[in-house]
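Quick look at run.tsv (TSV, C-alpha atoms):
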```tsv
chain	number	residue	atom	x	y	z
A	1	MET	CA	-15.03	-0.90	6.14
A	2	THR	CA	-14.54	2.33	4.25
A	3	SER	CA	-13.81	2.15	0.55
A	4	LYS	CA	-10.22	3.39	0.79
A	5	PRO	CA	-7.77	1.64	3.12
A	6	THR	CA	-5.98	3.50	5.91
A	7	LEU	CA	-2.78	1.58	5.14
A	8	ILE	CA	-1.54	0.00	1.91
A	9	ALA	CA	0.07	-3.46	2.01
A	10	TYR	CA	3.10	-4.09	-0.20
A	11	SER	CA	5.30	-7.09	-0.87
A	12	VAL	CA	8.90	-5.82	-0.95
A	13	LYS	CA	11.57	-7.86	-2.73
A	14	GLU	CA	15.24	-6.94	-2.32
A	15	ARG	CA	17.02	-7.15	-5.69
A	16	GLY	CA	20.70	-6.54	-5.06
A	17	LYS	CA	23.25	-4.23	-3.50
A	18	LYS	CA	22.99	-1.40	-6.05
A	19	GLN	CA	19.37	-1.88	-7.11
A	20	LYS	CA	16.27	-0.47	-5.46
A	21	PRO	CA	13.82	-2.94	-3.90
A	22	PHE	CA	10.79	-3.94	-5.97
A	23	TRP	CA	7.46	-2.96	-4.32
A	24	VAL	CA	4.17	-4.61	-5.36
A	25	ARG	CA	0.83	-3.54	-3.89
A	26	ILE	CA	-0.90	-6.62	-2.50
A	27	GLY	CA	-3.72	-5.28	-0.33
A	28	GLY	CA	-4.85	-2.83	2.32
A	29	ALA	CA	-5.71	-2.39	5.99
A	30	TRP	CA	-8.69	-0.68	7.64
A	31	PRO	CA	-9.19	0.18	11.32
A	32	PHE	CA	-11.75	-1.90	13.22
A	33	GLU	CA	-15.27	-0.53	12.78
A	34	SER	CA	-15.89	-0.95	16.53
A	35	GLY	CA	-13.23	1.66	17.31
A	36	GLU	CA	-11.00	-0.83	19.16
A	37	THR	CA	-7.27	-0.74	18.51
A	38	GLY	CA	-6.39	-2.89	15.50
A	39	TYR	CA	-6.80	-3.33	11.77
A	40	THR	CA	-8.56	-5.62	9.35
A	41	ILE	CA	-6.11	-6.64	6.62
A	42	GLN	CA	-7.19	-7.82	3.17
A	43	LEU	CA	-4.50	-9.36	1.00
A	44	ASP	CA	-4.89	-10.19	-2.69
A	45	ALA	CA	-1.55	-12.01	-2.80
A	46	LEU	CA	1.14	-13.35	-0.45
A	47	PRO	CA	4.86	-12.60	-0.81
A	48	LEU	CA	7.15	-15.55	-1.43
A	49	ASP	CA	9.83	-14.23	0.93
A	50	GLY	CA	7.30	-13.41	3.67
A	51	ARG	CA	7.95	-9.65	3.87
A	52	ILE	CA	4.90	-7.36	3.96
A	53	VAL	CA	5.20	-3.60	4.49
A	54	LEU	CA	2.23	-1.42	5.53
A	55	THR	CA	2.42	2.29	4.66
A	56	GLU	CA	0.07	5.23	4.60
A	57	PRO	CA	-1.32	5.99	1.13
A	58	LYS	CA	0.50	8.72	-0.76
A	59	ALA	CA	-1.42	11.92	-1.38
A	60	PRO	CA	-2.64	12.11	-4.97
A	61	GLU	CA	-0.53	14.41	-7.09
A	62	ALA	CA	-2.18	17.69	-7.98
A	63	GLU	CA	-3.44	17.65	-11.52
A	64	THR	CA	-1.70	20.14	-13.73
A	65	PRO	CA	-3.77	21.84	-16.43
A	66	LYS	CA	-2.87	20.77	-19.94
A	67	GLU	CA	-1.85	23.47	-22.40
A	68	THR	CA	-3.91	23.78	-25.54
A	69	ALA	CA	-2.44	24.99	-28.80
```

Represent the structure of the file as structure tokens.
Amino acid sequence: MTSKPTLIAYSVKERGKKQKPFWVRIGGAWPFESGETGYTIQLDALPLDGRIVLTEPKAPEAETPKETA
């Protein structure tokens, strides 16, 4: 397994009609080392409502240089 997962696992909890869902990172997924189709999933927690979403990691934001006075 590589150090960074290919997919990030989130528990997603719906909160209400006019509120955004609440996303909590709970683990990650890595492709099989053998090259076969499939993923190894490691979860650090389980959602109470049973909904897990796997997404690709977001690209890190470019660091902006800080101004010095």

Report summary line: Pairwise distance, CA of Lys20 in chain A with CA of Arg51 in chain A, equals 15.5 Å

Query raised in the report: Which residues, written as a PyMOL selection string, have at least one atom at most 12 Å from Ser3 in chain A, with only C-alpha atoms counted and residues fewer than 3 positions away on the same chain left out?
Result: chain A and resi 6-7+28-31

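Interatomic distance, CA of Ala9 in chain A against CA of Tyr39 in chain A: 11.9 Å.
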
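Coordinates place CA of Ile52 in chain A at a distance of 24.3 Å from CA of Gly35 in chain A.
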